[in-house]
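Peer 1: First, the structure itself, so that you have it in front of you.
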Amino acid sequence: MKQTEHPYWHRLYRCLEDFGTRYQNIPDFFKDRIQRYGILSLFILLFGSFMGTWMKDKTFIFWSFLLGIIGFIRTYLIFRTADKKTYEIVEGLVTGIDGKNPFARLRKIRVSDPTGRQSELLLDKNVKVLEGKRYRFYFGINEKKLVGIRRVDAALNNGTFLGNEEI
């Protein structure tokens with residue numbers, strides 16, 4: 001008697017294999033984010049479920065489950081952004097930082113790329129960069145224009161800055 005494979009298992013195997021090859025082709029910055037969010041979401045889901053069961057509290061289990069699922073959705077969105085390449089990269093040497101006053105929300109960071117072209121980035125003051133070091137900044141492509149005024153759009157923080165890494 002010949003044993004046949006179930007078609008769903010074969011399709012699942014092909015899907016996981018495709019995910020693995022797509023995951024290998026994304027930048028390390030996104031891999032790090034995906035791993036951190038995924039592990040944190042799994043921890044919240046498992047630990048929260050365990051503690052809620054131990055305390056016999058259904059609302060604790062519900063909120064742990066909800067937070068874990070939201071974390072997995074966020075992980076998937078990061079993966080999709082990296083996989084579909086819906087991001088832009090600004091890379092170069094930080095030549096100047098303006099707006100270091102403690103009450104300002106934004107700082108103007110001047111970046112010079114290897115060809116000598118200068119770029120100015122308006123970023124939150126919590127973004128850690130040092131003058132004289134090389135960085136790679138990742139921005140999501142946002143098709144919506146807000147007000148059109150650069151400082152106002154940056155102040156509204158429409159979620160286009162994904163993060164940075166030192167090179």
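Following the order of the structure tokens, first chain is A, next is B, and so on, with residues numbered from 1 inside each chain and ligands from 1 in the order they appear.
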From a backbone DSSP assignment, name each residue in chain A labelled alpha helix (DSSP H), as a PyMOL selection string.
Peer 2: chain A and resi 7-24+28-55+58-83+150-156
Peer 1: Per DSSP on the backbone, what are the strand (DSSP E or B) residues of range 19-98 of chain A, as an MDAnalysis selection string?
Peer 2: chainID A and resid 87:98
Peer 1: With distances taken over only C-alpha atoms, which residue among A:Ile73, A:Ile26, A:Leu16, A:Leu46 lies nearest Ile61 in chain A?
Peer 2: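 Once distances to Ile61 in chain A are computed over only C-alpha atoms, the minimum belongs to A:Leu46.
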Peer 1: Please, which residues in range 24-124 of chain A fall within 6 Å of range 136-140 of chain A when counting only C-alpha atoms, and what is the closest atom pair and distance in Å to one decimal for each, ordered by chain then residue number, as JSON lines?
Peer 2:
```
{"residue": "A:Tyr87", "atom": "CA", "partner": "A:Gly140", "partner_atom": "CA", "distance": 4.2}
{"residue": "A:Glu88", "atom": "CA", "partner": "A:Phe139", "partner_atom": "CA", "distance": 5.1}
{"residue": "A:Ile89", "atom": "CA", "partner": "A:Tyr138", "partner_atom": "CA", "distance": 4.8}
{"residue": "A:Val90", "atom": "CA", "partner": "A:Phe137", "partner_atom": "CA", "distance": 5.1}
{"residue": "A:Glu91", "atom": "CA", "partner": "A:Arg136", "partner_atom": "CA", "distance": 4.3}
```
Peer 1: Can I get the selection written as a PDB file, in the first residue's frame, with C-alpha atoms?
Peer 2:
```
ATOM      1  CA  TYR A  87      11.209  51.872   2.420  1.00  0.00           C
ATOM      2  CA  GLU A  88      13.899  54.365   1.526  1.00  0.00           C
ATOM      3  CA  ILE A  89      17.442  54.497   2.827  1.00  0.00           C
ATOM      4  CA  VAL A  90      19.472  57.608   3.570  1.00  0.00           C
ATOM      5  CA  GLU A  91      23.062  56.651   4.258  1.00  0.00           C
TER       6      GLU A  91
END
```
Peer 1: Compile the contact shell of Arg74 in chain A as a PyMOL selection string: residues with an atom at most 12 Å away, counting only C-alpha atoms, same-chain residues fewer than 3 positions apart removed.
Peer 2: chain A and resi 33-38+40-41+67-71+77-81
Peer 1: In Å to one decimal, how far is CA of Tyr76 in chain A from CA of Leu12 in chain A?
Peer 2: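 For CA of Leu12 in chain A relative to CA of Tyr76 in chain A, the distance reads 17.6 Å.
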Peer 1: So that I can see what lies close to range 117-125 of chain A, please list as a PyMOL selection string the residues with an atom at most 6 Å from it, counting only C-alpha atoms and leaving out residues fewer than 2 positions away in the same chain.
Peer 2: chain A and resi 105-113+115+127
Peer 1: What does the file look like for those residues with C-alpha atoms, as a JSON list (two decimals), in the first residue's frame?
Peer 2:
```json
[["chain", "number", "residue", "atom", "x", "y", "z"],
["A", 105, "ARG", "CA", 10.92, 67.84, 19.99],
["A", 106, "LEU", "CA", 12.80, 67.69, 16.69],
["A", 107, "ARG", "CA", 16.41, 67.92, 15.61],
["A", 108, "LYS", "CA", 17.78, 68.73, 12.20],
["A", 109, "ILE", "CA", 20.45, 66.21, 11.25],
["A", 110, "ARG", "CA", 22.70, 66.91, 8.27],
["A", 111, "VAL", "CA", 23.96, 63.83, 6.46],
["A", 112, "SER", "CA", 26.59, 63.77, 3.72],
["A", 113, "ASP", "CA", 26.65, 60.72, 1.43],
["A", 115, "THR", "CA", 29.23, 61.39, -3.39],
["A", 127, "VAL", "CA", 17.00, 59.26, 17.90]]
```
